[in-house]
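Chemist: Once you've had a glance at the structure underneath, I'll fire off some questions.
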Amino acid sequence: MKQTKGLEGDKNSIIKFEFNPKDGIDNPALSLAEDMDGEGMGEPRFYLLSKGSAETFGFCLHEELGCRGHIIRQVELGGLAQRRGLQDGDRLLQVNGHFVDHMDHHRVVQKIKASGNQVLLAVLDGDSYEAAKALGRDLSQMLPADIRPRLCHIMRDKSGFGFSVSGPEGVKGTFQLSVRQDGPAERAGVPPGSWLLELNGASVRSYSHAQLTRKLKQSGSKVTLLVASSAVEEFYRLRGLRVTAALADTSWLPFKVRELHMVKGPAGYGFLLKEDDCSSGAIGQFLWDVDVGLPAEQAGMKEGDRLLAVNGESIEGLDHQQTVLRIRARDDQVTLLVIDPAGDEFYQSIGLSPLLFFEDSHPASGSRTPSLPSPSGSPGLCHVEVEPKGPGSWLVTAANSIGITQVTPLARPLRQCCSQPGTALSTGTLLPCLS
């Protein structure tokens, strides 16, 4: 045990005054801990995990009874997480630059799942986490203020995109941007002096200046840039981490995920859910025939919106009937996350899920604690009950992208919802009659 300055040789006092949270402010150990002022406390560690589509990240994320925080558990021996340095008992503080310690556990799981095959995690060892909590530390203050690159979508005006590019002569992939005041680039959020990392979803590391100029000319009237300030670029470079769009701040983008909360009225919700092809070739669930004056329209639903999540759970990978069951999981209300066709096309063009950036669309959403039911067909979560003599009960993130085998859902009968009595719809489900 590390000894505190001023208590050298007084081992008994250290043992006697070991901190017990139940004792509260009168516990003498509290003042001793304050005297420590964090001496010996660990620093947050950052890991960029990149896996193949058939691999897992090699760890589980637990929420455990009697323990605080989102806890790294079951680190797979020889797996990706262990090779990068994650340890059993680490507490997760950040996911892709978002502080998550205060978030609902389900929400954190969804952020990791939405990240796809690459995720940036910031963790703190368990002892340091508990010590910081005992001292009343704001854990977010232990992390860099802003380590996120920025994704910017620029529309050309009559004078161009509003930025110029410079770089060392003969060096590929190193491009700094000069931004014209009040030009399209500045209005799109490009910081002056930032470094260009990606152009239209492709890394520029192998581009010469001539190649970059040609690519910009081929972009037509719009271009998407991933850029980083000098401080952000240095943060990743010193840690040997690659910056990608999955880590980006998208708050400057015109494409936003929208949250629609609906309470079913006497005539139902008033929209048609239809399965169709996305621009990427994948299958998606789309919203049509929005009835004027009914809850769907009142909540802000638009024709052609693509459905992304139901009651806080992504529907990616679900078929039409499973999605309908999710919507029907609650009798009289539902919360949907949707995106309009232009936003859907944009995110598919850069190969990222818009759910990854939901907090950028709704900055306050991270503080909410959404109620996430576990209806039939719900992938990714397993609730484990342990006997009273065991370590308690916990939620295990059984996400395929994290490392636990998906739990087989319980079968539930599908009740048809039809536009006319007796007529079943194979590719669309009208939702005024859900009960």
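Labeling convention for the structure tokens: chains A, B, ... as they appear, residues from 1 per chain, ligands from 1 in order of appearance.
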Taking the DSSP secondary structure from the backbone, can you list the residues of segment 208-380 of chain A that are strand (DSSP E or B), as a ChimeraX atom specification?

Modeler: /A:222-228,249,258-263,265,268,272-277,283-288,306-310,313-314,333-339

Chemist: Return as a PDB file with N, CA and C atoms, in the first residue's frame the full set of residues in segment 84-219 of chain A whose backbone-based DSSP assignment is helix (DSSP H, G or I).

Modeler:
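For reference, states.pdb as written:
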```pdb
ATOM      1  N   ARG A  84      -4.451  -4.234 -26.430  1.00  0.00           N
ATOM      2  CA  ARG A  84      -4.309  -2.776 -26.381  1.00  0.00           C
ATOM      3  C   ARG A  84      -4.025  -2.274 -24.967  1.00  0.00           C
ATOM      4  N   HIS A 105     -26.629   3.147 -18.408  1.00  0.00           N
ATOM      5  CA  HIS A 105     -25.802   2.058 -18.914  1.00  0.00           C
ATOM      6  C   HIS A 105     -26.212   1.621 -20.325  1.00  0.00           C
ATOM      7  N   HIS A 106     -27.520   1.526 -20.562  1.00  0.00           N
ATOM      8  CA  HIS A 106     -27.988   1.127 -21.881  1.00  0.00           C
ATOM      9  C   HIS A 106     -27.498   2.099 -22.955  1.00  0.00           C
ATOM     10  N   ARG A 107     -27.502   3.378 -22.590  1.00  0.00           N
ATOM     11  CA  ARG A 107     -27.084   4.421 -23.541  1.00  0.00           C
ATOM     12  C   ARG A 107     -25.621   4.242 -23.922  1.00  0.00           C
ATOM     13  N   VAL A 108     -24.796   3.904 -22.953  1.00  0.00           N
ATOM     14  CA  VAL A 108     -23.372   3.707 -23.223  1.00  0.00           C
ATOM     15  C   VAL A 108     -23.167   2.497 -24.138  1.00  0.00           C
ATOM     16  N   VAL A 109     -23.917   1.430 -23.869  1.00  0.00           N
ATOM     17  CA  VAL A 109     -23.845   0.242 -24.719  1.00  0.00           C
ATOM     18  C   VAL A 109     -24.185   0.604 -26.156  1.00  0.00           C
ATOM     19  N   GLN A 110     -25.250   1.383 -26.327  1.00  0.00           N
ATOM     20  CA  GLN A 110     -25.671   1.753 -27.668  1.00  0.00           C
ATOM     21  C   GLN A 110     -24.614   2.595 -28.375  1.00  0.00           C
ATOM     22  N   LYS A 111     -23.910   3.453 -27.640  1.00  0.00           N
ATOM     23  CA  LYS A 111     -22.868   4.269 -28.261  1.00  0.00           C
ATOM     24  C   LYS A 111     -21.742   3.387 -28.785  1.00  0.00           C
ATOM     25  N   ILE A 112     -21.369   2.367 -28.022  1.00  0.00           N
ATOM     26  CA  ILE A 112     -20.307   1.476 -28.479  1.00  0.00           C
ATOM     27  C   ILE A 112     -20.771   0.667 -29.683  1.00  0.00           C
ATOM     28  N   LYS A 113     -22.010   0.177 -29.640  1.00  0.00           N
ATOM     29  CA  LYS A 113     -22.536  -0.590 -30.758  1.00  0.00           C
ATOM     30  C   LYS A 113     -22.629   0.257 -32.022  1.00  0.00           C
ATOM     31  N   ALA A 114     -23.076   1.511 -31.870  1.00  0.00           N
ATOM     32  CA  ALA A 114     -23.219   2.393 -33.030  1.00  0.00           C
ATOM     33  C   ALA A 114     -21.879   2.761 -33.639  1.00  0.00           C
ATOM     34  N   GLY A 126      -9.738   1.034 -11.591  1.00  0.00           N
ATOM     35  CA  GLY A 126     -10.785   0.997 -10.581  1.00  0.00           C
ATOM     36  C   GLY A 126     -10.432   1.696  -9.288  1.00  0.00           C
ATOM     37  N   ASP A 127      -9.210   1.517  -8.792  1.00  0.00           N
ATOM     38  CA  ASP A 127      -8.808   2.147  -7.529  1.00  0.00           C
ATOM     39  C   ASP A 127      -8.815   3.671  -7.642  1.00  0.00           C
ATOM     40  N   SER A 128      -8.267   4.175  -8.752  1.00  0.00           N
ATOM     41  CA  SER A 128      -8.237   5.629  -8.946  1.00  0.00           C
ATOM     42  C   SER A 128      -9.638   6.191  -9.106  1.00  0.00           C
ATOM     43  N   TYR A 129     -10.503   5.424  -9.777  1.00  0.00           N
ATOM     44  CA  TYR A 129     -11.890   5.862  -9.959  1.00  0.00           C
ATOM     45  C   TYR A 129     -12.585   6.008  -8.602  1.00  0.00           C
ATOM     46  N   GLU A 130     -12.462   4.994  -7.758  1.00  0.00           N
ATOM     47  CA  GLU A 130     -13.106   5.053  -6.448  1.00  0.00           C
ATOM     48  C   GLU A 130     -12.520   6.169  -5.586  1.00  0.00           C
ATOM     49  N   ALA A 131     -11.204   6.359  -5.680  1.00  0.00           N
ATOM     50  CA  ALA A 131     -10.572   7.436  -4.909  1.00  0.00           C
ATOM     51  C   ALA A 131     -11.071   8.799  -5.374  1.00  0.00           C
ATOM     52  N   ALA A 132     -11.186   8.970  -6.691  1.00  0.00           N
ATOM     53  CA  ALA A 132     -11.675  10.240  -7.224  1.00  0.00           C
ATOM     54  C   ALA A 132     -13.112  10.494  -6.798  1.00  0.00           C
ATOM     55  N   LYS A 133     -13.937   9.451  -6.804  1.00  0.00           N
ATOM     56  CA  LYS A 133     -15.320   9.599  -6.364  1.00  0.00           C
ATOM     57  C   LYS A 133     -15.386   9.959  -4.885  1.00  0.00           C
ATOM     58  N   ALA A 134     -14.532   9.327  -4.064  1.00  0.00           N
ATOM     59  CA  ALA A 134     -14.507   9.611  -2.624  1.00  0.00           C
ATOM     60  C   ALA A 134     -14.110  11.056  -2.348  1.00  0.00           C
ATOM     61  N   LEU A 139     -14.947  13.858 -12.652  1.00  0.00           N
ATOM     62  CA  LEU A 139     -14.105  13.018 -13.499  1.00  0.00           C
ATOM     63  C   LEU A 139     -13.937  13.593 -14.902  1.00  0.00           C
ATOM     64  N   SER A 140     -14.910  14.362 -15.360  1.00  0.00           N
ATOM     65  CA  SER A 140     -14.786  14.947 -16.695  1.00  0.00           C
ATOM     66  C   SER A 140     -13.618  15.929 -16.769  1.00  0.00           C
ATOM     67  N   GLN A 141     -13.239  16.497 -15.593  1.00  0.00           N
ATOM     68  CA  GLN A 141     -12.125  17.449 -15.572  1.00  0.00           C
ATOM     69  C   GLN A 141     -10.772  16.757 -15.648  1.00  0.00           C
ATOM     70  N   MET A 142     -10.759  15.420 -15.520  1.00  0.00           N
ATOM     71  CA  MET A 142      -9.510  14.671 -15.658  1.00  0.00           C
ATOM     72  C   MET A 142      -9.192  14.392 -17.122  1.00  0.00           C
ATOM     73  N   PRO A 184     -17.933  30.056 -47.237  1.00  0.00           N
ATOM     74  CA  PRO A 184     -18.662  28.793 -47.009  1.00  0.00           C
ATOM     75  C   PRO A 184     -17.985  27.875 -45.991  1.00  0.00           C
ATOM     76  N   ALA A 185     -16.651  27.781 -46.036  1.00  0.00           N
ATOM     77  CA  ALA A 185     -15.947  26.890 -45.110  1.00  0.00           C
ATOM     78  C   ALA A 185     -16.097  27.359 -43.668  1.00  0.00           C
ATOM     79  N   GLU A 186     -15.949  28.647 -43.426  1.00  0.00           N
ATOM     80  CA  GLU A 186     -16.095  29.160 -42.064  1.00  0.00           C
ATOM     81  C   GLU A 186     -17.520  28.961 -41.572  1.00  0.00           C
ATOM     82  N   ARG A 187     -18.499  29.203 -42.429  1.00  0.00           N
ATOM     83  CA  ARG A 187     -19.893  29.011 -42.025  1.00  0.00           C
ATOM     84  C   ARG A 187     -20.203  27.541 -41.748  1.00  0.00           C
ATOM     85  N   HIS A 209      -0.264  17.194 -53.335  1.00  0.00           N
ATOM     86  CA  HIS A 209      -1.038  18.437 -53.453  1.00  0.00           C
ATOM     87  C   HIS A 209      -1.833  18.440 -54.751  1.00  0.00           C
ATOM     88  N   ALA A 210      -1.231  17.956 -55.832  1.00  0.00           N
ATOM     89  CA  ALA A 210      -1.926  17.919 -57.119  1.00  0.00           C
ATOM     90  C   ALA A 210      -3.122  16.968 -57.076  1.00  0.00           C
ATOM     91  N   GLN A 211      -2.969  15.822 -56.426  1.00  0.00           N
ATOM     92  CA  GLN A 211      -4.077  14.872 -56.313  1.00  0.00           C
ATOM     93  C   GLN A 211      -5.224  15.456 -55.488  1.00  0.00           C
ATOM     94  N   LEU A 212      -4.874  16.137 -54.399  1.00  0.00           N
ATOM     95  CA  LEU A 212      -5.903  16.746 -53.569  1.00  0.00           C
ATOM     96  C   LEU A 212      -6.664  17.812 -54.359  1.00  0.00           C
ATOM     97  N   THR A 213      -5.947  18.634 -55.108  1.00  0.00           N
ATOM     98  CA  THR A 213      -6.595  19.674 -55.920  1.00  0.00           C
ATOM     99  C   THR A 213      -7.558  19.052 -56.923  1.00  0.00           C
ATOM    100  N   ARG A 214      -7.137  17.955 -57.534  1.00  0.00           N
ATOM    101  CA  ARG A 214      -7.997  17.279 -58.510  1.00  0.00           C
ATOM    102  C   ARG A 214      -9.246  16.710 -57.834  1.00  0.00           C
ATOM    103  N   LYS A 215      -9.083  16.126 -56.649  1.00  0.00           N
ATOM    104  CA  LYS A 215     -10.220  15.570 -55.933  1.00  0.00           C
ATOM    105  C   LYS A 215     -11.219  16.664 -55.550  1.00  0.00           C
ATOM    106  N   LEU A 216     -10.708  17.816 -55.158  1.00  0.00           N
ATOM    107  CA  LEU A 216     -11.590  18.924 -54.800  1.00  0.00           C
ATOM    108  C   LEU A 216     -12.398  19.392 -56.006  1.00  0.00           C
ATOM    109  N   LYS A 217     -11.757  19.454 -57.162  1.00  0.00           N
ATOM    110  CA  LYS A 217     -12.466  19.877 -58.374  1.00  0.00           C
ATOM    111  C   LYS A 217     -13.543  18.869 -58.766  1.00  0.00           C
ATOM    112  N   GLN A 218     -13.276  17.585 -58.483  1.00  0.00           N
ATOM    113  CA  GLN A 218     -14.241  16.537 -58.832  1.00  0.00           C
ATOM    114  C   GLN A 218     -15.420  16.489 -57.862  1.00  0.00           C
TER     115      GLN A 218
END
```

Chemist: I'd like the neighbourhood of Leu356 of chain A as a PyMOL selection string, where a residue qualifies if any of its atoms comes within 10 Å (using only C-alpha atoms), though same-chain residues fewer than 2 positions away should be ignored.

Modeler: chain A and resi 96+110-116+246-248+250+257+352-354+358-360

Chemist: Which residue is closest to Pro144 of chain A? Choose from A:Phe286, A:Phe357, A:Phe271, A:Tyr236 and count only C-alpha atoms.

Modeler: A:Tyr236

Chemist: Would you compute the distance between atom CA of Met155 of chain A and atom CA of Pro168 of chain A? Give it in Å to one decimal.

Modeler: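 Straight-line distance from atom CA of Met155 of chain A to atom CA of Pro168 of chain A works out to 27.2 Å.
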
Chemist: Using only C-alpha atoms, can you tell me which of A:Arg73, A:His98, A:Arg148, A:Arg205 comes closest to Asp249 of chain A?

Modeler: A:Arg148

Chemist: Tell me which of A:Gly193, A:Gly136, A:Gly170, A:Pro266 sits closest to Ser230 of chain A, counting only C-alpha atoms.

Modeler: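 Distance minimum relative to Ser230 of chain A lands on A:Gly193.
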
Chemist: Distance atom CA of Val171 of chain A-atom CA of Cys152 of chain A, one decimal place?

Modeler: 24.5 Å

Chemist: Set the distance at 9 Å and use only C-alpha atoms: which residues neighbour Ala296 of chain A once local chain neighbours fewer than 5 positions away are removed? I'd like the list as a ChimeraX atom specification.

Modeler: /A:260-264,269-271,290-291,301-302

Chemist: How would the residues just picked look written out with all heavy atoms as a JSON list (two decimals), in the first residue's frame?

Modeler:
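Result file result-v8.json:
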```
[["chain", "number", "residue", "atom", "x", "y", "z"],
["A", 260, "LEU", "N", -38.61, 11.68, -32.01],
["A", 260, "LEU", "CA", -40.05, 11.87, -32.07],
["A", 260, "LEU", "C", -40.71, 11.06, -30.95],
["A", 260, "LEU", "O", -40.59, 9.83, -30.93],
["A", 260, "LEU", "CB", -40.60, 11.39, -33.42],
["A", 260, "LEU", "CG", -39.88, 11.85, -34.69],
["A", 260, "LEU", "CD1", -40.55, 11.26, -35.92],
["A", 260, "LEU", "CD2", -39.83, 13.37, -34.77],
["A", 261, "HIS", "N", -41.38, 11.73, -30.04],
["A", 261, "HIS", "CA", -42.11, 11.03, -28.99],
["A", 261, "HIS", "C", -43.60, 11.15, -29.28],
["A", 261, "HIS", "O", -44.13, 12.25, -29.44],
["A", 261, "HIS", "CB", -41.80, 11.61, -27.61],
["A", 261, "HIS", "CG", -42.52, 10.90, -26.51],
["A", 261, "HIS", "ND1", -42.20, 9.61, -26.13],
["A", 261, "HIS", "CD2", -43.58, 11.28, -25.73],
["A", 261, "HIS", "CE1", -43.01, 9.23, -25.16],
["A", 261, "HIS", "NE2", -43.85, 10.22, -24.90],
["A", 262, "MET", "N", -44.27, 10.01, -29.34],
["A", 262, "MET", "CA", -45.68, 9.99, -29.71],
["A", 262, "MET", "C", -46.50, 9.24, -28.67],
["A", 262, "MET", "O", -46.08, 8.17, -28.21],
["A", 262, "MET", "CB", -45.87, 9.31, -31.08],
["A", 262, "MET", "CG", -45.19, 10.04, -32.23],
["A", 262, "MET", "SD", -45.37, 9.13, -33.79],
["A", 262, "MET", "CE", -44.25, 7.77, -33.49],
["A", 263, "VAL", "N", -47.64, 9.80, -28.33],
["A", 263, "VAL", "CA", -48.63, 9.12, -27.50],
["A", 263, "VAL", "C", -49.80, 8.78, -28.42],
["A", 263, "VAL", "O", -50.36, 9.66, -29.08],
["A", 263, "VAL", "CB", -49.09, 10.01, -26.33],
["A", 263, "VAL", "CG1", -50.20, 9.32, -25.53],
["A", 263, "VAL", "CG2", -47.91, 10.36, -25.43],
["A", 264, "LYS", "N", -50.15, 7.53, -28.46],
["A", 264, "LYS", "CA", -51.18, 7.07, -29.40],
["A", 264, "LYS", "C", -52.54, 7.67, -29.07],
["A", 264, "LYS", "O", -52.98, 7.67, -27.92],
["A", 264, "LYS", "CB", -51.25, 5.55, -29.37],
["A", 264, "LYS", "CG", -52.18, 4.96, -30.44],
["A", 264, "LYS", "CD", -51.99, 3.47, -30.57],
["A", 264, "LYS", "CE", -52.34, 2.73, -29.30],
["A", 264, "LYS", "NZ", -52.26, 1.27, -29.47],
["A", 269, "TYR", "N", -51.29, 6.09, -34.26],
["A", 269, "TYR", "CA", -50.16, 6.99, -34.46],
["A", 269, "TYR", "C", -50.27, 7.74, -35.78],
["A", 269, "TYR", "O", -49.88, 8.89, -35.89],
["A", 269, "TYR", "CB", -48.85, 6.21, -34.45],
["A", 269, "TYR", "CG", -48.49, 5.62, -33.11],
["A", 269, "TYR", "CD1", -48.29, 4.25, -32.96],
["A", 269, "TYR", "CD2", -48.35, 6.42, -31.99],
["A", 269, "TYR", "CE1", -47.96, 3.71, -31.74],
["A", 269, "TYR", "CE2", -48.02, 5.89, -30.77],
["A", 269, "TYR", "CZ", -47.82, 4.53, -30.63],
["A", 269, "TYR", "OH", -47.50, 3.99, -29.42],
["A", 270, "GLY", "N", -50.75, 7.04, -36.82],
["A", 270, "GLY", "CA", -50.98, 7.72, -38.08],
["A", 270, "GLY", "C", -49.80, 7.76, -39.03],
["A", 270, "GLY", "O", -49.46, 8.83, -39.54],
["A", 271, "PHE", "N", -49.15, 6.61, -39.29],
["A", 271, "PHE", "CA", -48.10, 6.55, -40.31],
["A", 271, "PHE", "C", -47.96, 5.12, -40.81],
["A", 271, "PHE", "O", -48.44, 4.18, -40.17],
["A", 271, "PHE", "CB", -46.76, 7.07, -39.78],
["A", 271, "PHE", "CG", -46.12, 6.19, -38.74],
["A", 271, "PHE", "CD1", -45.21, 5.20, -39.07],
["A", 271, "PHE", "CD2", -46.41, 6.38, -37.39],
["A", 271, "PHE", "CE1", -44.62, 4.39, -38.10],
["A", 271, "PHE", "CE2", -45.82, 5.58, -36.41],
["A", 271, "PHE", "CZ", -44.92, 4.59, -36.76],
["A", 290, "VAL", "N", -47.93, 9.87, -43.68],
["A", 290, "VAL", "CA", -48.08, 10.53, -42.38],
["A", 290, "VAL", "C", -49.40, 11.31, -42.39],
["A", 290, "VAL", "O", -49.58, 12.24, -43.17],
["A", 290, "VAL", "CB", -46.89, 11.47, -42.10],
["A", 290, "VAL", "CG1", -47.04, 12.13, -40.73],
["A", 290, "VAL", "CG2", -45.58, 10.69, -42.17],
["A", 291, "ASP", "N", -50.32, 10.91, -41.53],
["A", 291, "ASP", "CA", -51.66, 11.51, -41.51],
["A", 291, "ASP", "C", -51.65, 12.86, -40.82],
["A", 291, "ASP", "O", -51.11, 13.01, -39.70],
["A", 291, "ASP", "CB", -52.64, 10.59, -40.78],
["A", 291, "ASP", "CG", -52.90, 9.30, -41.55],
["A", 291, "ASP", "OD1", -52.82, 9.33, -42.79],
["A", 291, "ASP", "OD2", -53.16, 8.26, -40.91],
["A", 301, "MET", "N", -42.81, 13.99, -37.66],
["A", 301, "MET", "CA", -42.47, 12.99, -38.67],
["A", 301, "MET", "C", -42.69, 13.56, -40.08],
["A", 301, "MET", "O", -43.67, 14.26, -40.33],
["A", 301, "MET", "CB", -43.30, 11.73, -38.47],
["A", 301, "MET", "CG", -42.92, 10.57, -39.38],
["A", 301, "MET", "SD", -43.95, 9.10, -39.11],
["A", 301, "MET", "CE", -43.44, 8.63, -37.43],
["A", 302, "LYS", "N", -41.76, 13.24, -41.00],
["A", 302, "LYS", "CA", -41.85, 13.69, -42.38],
["A", 302, "LYS", "C", -41.86, 12.49, -43.31],
["A", 302, "LYS", "O", -41.27, 11.45, -43.01],
["A", 302, "LYS", "CB", -40.65, 14.59, -42.73],
["A", 302, "LYS", "CG", -40.46, 15.78, -41.80],
["A", 302, "LYS", "CD", -41.61, 16.77, -41.89],
["A", 302, "LYS", "CE", -41.34, 17.99, -41.01],
["A", 302, "LYS", "NZ", -42.49, 18.94, -40.99]]
```

Chemist: List as an MDAnalysis selection string the protein and nucleic acid residues near Phe161 of chain A, meaning an atom at most 10 Å away when only C-alpha atoms are counted, but skip any in the same chain fewer than 2 places from it.

Modeler: chainID A and resid 154:159 163:164 179:180 183:186 188 216 221:223

Chemist: Next, the residues of the selection above should be written as a compact mmCIF listing (two decimals), in the first residue's frame with N, CA, C and O atoms.

Modeler:
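Writing the result to selection-v8.txt gives the following:
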```
# COMPACT_ATOMS: atom_id res chain seq x y z
N ILE A 154 -19.46 21.39 -46.73
CA ILE A 154 -19.35 22.73 -47.31
C ILE A 154 -20.05 22.78 -48.67
O ILE A 154 -19.82 21.92 -49.53
N MET A 155 -20.90 23.79 -48.85
CA MET A 155 -21.55 24.03 -50.13
C MET A 155 -20.84 25.19 -50.84
O MET A 155 -20.67 26.26 -50.27
N ARG A 156 -20.43 24.94 -52.06
CA ARG A 156 -19.70 25.96 -52.83
C ARG A 156 -20.61 27.15 -53.15
O ARG A 156 -21.79 26.98 -53.46
N ASP A 157 -20.04 28.35 -53.07
CA ASP A 157 -20.74 29.52 -53.58
C ASP A 157 -20.02 30.01 -54.83
O ASP A 157 -19.13 29.32 -55.36
N LYS A 158 -20.38 31.18 -55.33
CA LYS A 158 -19.83 31.65 -56.61
C LYS A 158 -18.32 31.87 -56.56
O LYS A 158 -17.65 31.86 -57.59
N SER A 159 -17.77 32.02 -55.34
CA SER A 159 -16.32 32.25 -55.23
C SER A 159 -15.56 30.98 -54.81
O SER A 159 -14.35 31.02 -54.62
N PHE A 163 -11.85 28.10 -48.80
CA PHE A 163 -10.62 27.74 -48.10
C PHE A 163 -9.54 27.45 -49.14
O PHE A 163 -9.81 27.15 -50.30
N SER A 164 -8.30 27.55 -48.70
CA SER A 164 -7.15 27.18 -49.52
C SER A 164 -6.29 26.21 -48.74
O SER A 164 -6.38 26.13 -47.51
N VAL A 179 -8.74 29.65 -44.06
CA VAL A 179 -10.18 29.81 -44.23
C VAL A 179 -10.54 31.27 -44.46
O VAL A 179 -10.10 32.14 -43.70
N ARG A 180 -11.32 31.53 -45.52
CA ARG A 180 -11.73 32.89 -45.82
C ARG A 180 -12.83 33.33 -44.85
O ARG A 180 -13.77 32.57 -44.60
N GLY A 183 -16.74 32.97 -45.35
CA GLY A 183 -16.93 32.17 -46.55
C GLY A 183 -17.66 30.88 -46.22
O GLY A 183 -17.97 30.58 -45.06
N PRO A 184 -17.93 30.06 -47.24
CA PRO A 184 -18.66 28.79 -47.01
C PRO A 184 -17.98 27.87 -45.99
O PRO A 184 -18.66 27.26 -45.17
N ALA A 185 -16.65 27.78 -46.04
CA ALA A 185 -15.95 26.89 -45.11
C ALA A 185 -16.10 27.36 -43.67
O ALA A 185 -16.36 26.55 -42.76
N GLU A 186 -15.95 28.65 -43.43
CA GLU A 186 -16.10 29.16 -42.06
C GLU A 186 -17.52 28.96 -41.57
O GLU A 186 -17.74 28.56 -40.42
N ALA A 188 -19.45 26.64 -42.39
CA ALA A 188 -19.64 25.21 -42.17
C ALA A 188 -18.88 24.70 -40.96
O ALA A 188 -18.97 23.50 -40.64
N LEU A 216 -10.71 17.82 -55.16
CA LEU A 216 -11.59 18.92 -54.80
C LEU A 216 -12.40 19.39 -56.01
O LEU A 216 -13.60 19.67 -55.90
N SER A 221 -20.37 20.68 -56.31
CA SER A 221 -20.85 21.83 -55.55
C SER A 221 -20.77 21.63 -54.04
O SER A 221 -21.10 22.55 -53.28
N LYS A 222 -20.36 20.44 -53.59
CA LYS A 222 -20.31 20.20 -52.15
C LYS A 222 -19.14 19.29 -51.81
O LYS A 222 -18.73 18.45 -52.62
N VAL A 223 -18.63 19.47 -50.62
CA VAL A 223 -17.49 18.67 -50.18
C VAL A 223 -17.59 18.46 -48.67
O VAL A 223 -18.09 19.33 -47.94
```

Chemist: Do you have the atom CA of Asp90 of chain A-atom CA of Pro149 of chain A distance handy?

Modeler: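 Atom CA of Asp90 of chain A sits 25.6 Å away from atom CA of Pro149 of chain A.
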
Chemist: Tell me which protein, DNA and RNA residues are within 12 Å of Arg91 of chain A, counting only C-alpha atoms, leaving out same-chain ones fewer than 2 positions away, and put them as a ChimeraX atom specification.

Modeler: /A:42-46,60-64,67-73,86-89,93-95,99-102,121-130,132-133,139

Chemist: Go through A:Val227, A:Leu151, A:Val243, A:Val204 one by one, measure the shortest atom-to-atom distance of each to Leu177 of chain A using only C-alpha atoms, and give the residue with the smallest value.

Modeler: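 Result for the nearest residue to Leu177 of chain A: A:Val227.
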
Chemist: Applying 10 Å and only C-alpha atoms, which residues near segment 344-347 of chain A remain after dropping the ones on its own chain fewer than 2 positions away? List them as a PyMOL selection string.

Modeler: chain A and resi 153+200-201+224+255-257+278-280+305-308+338-342+349-355
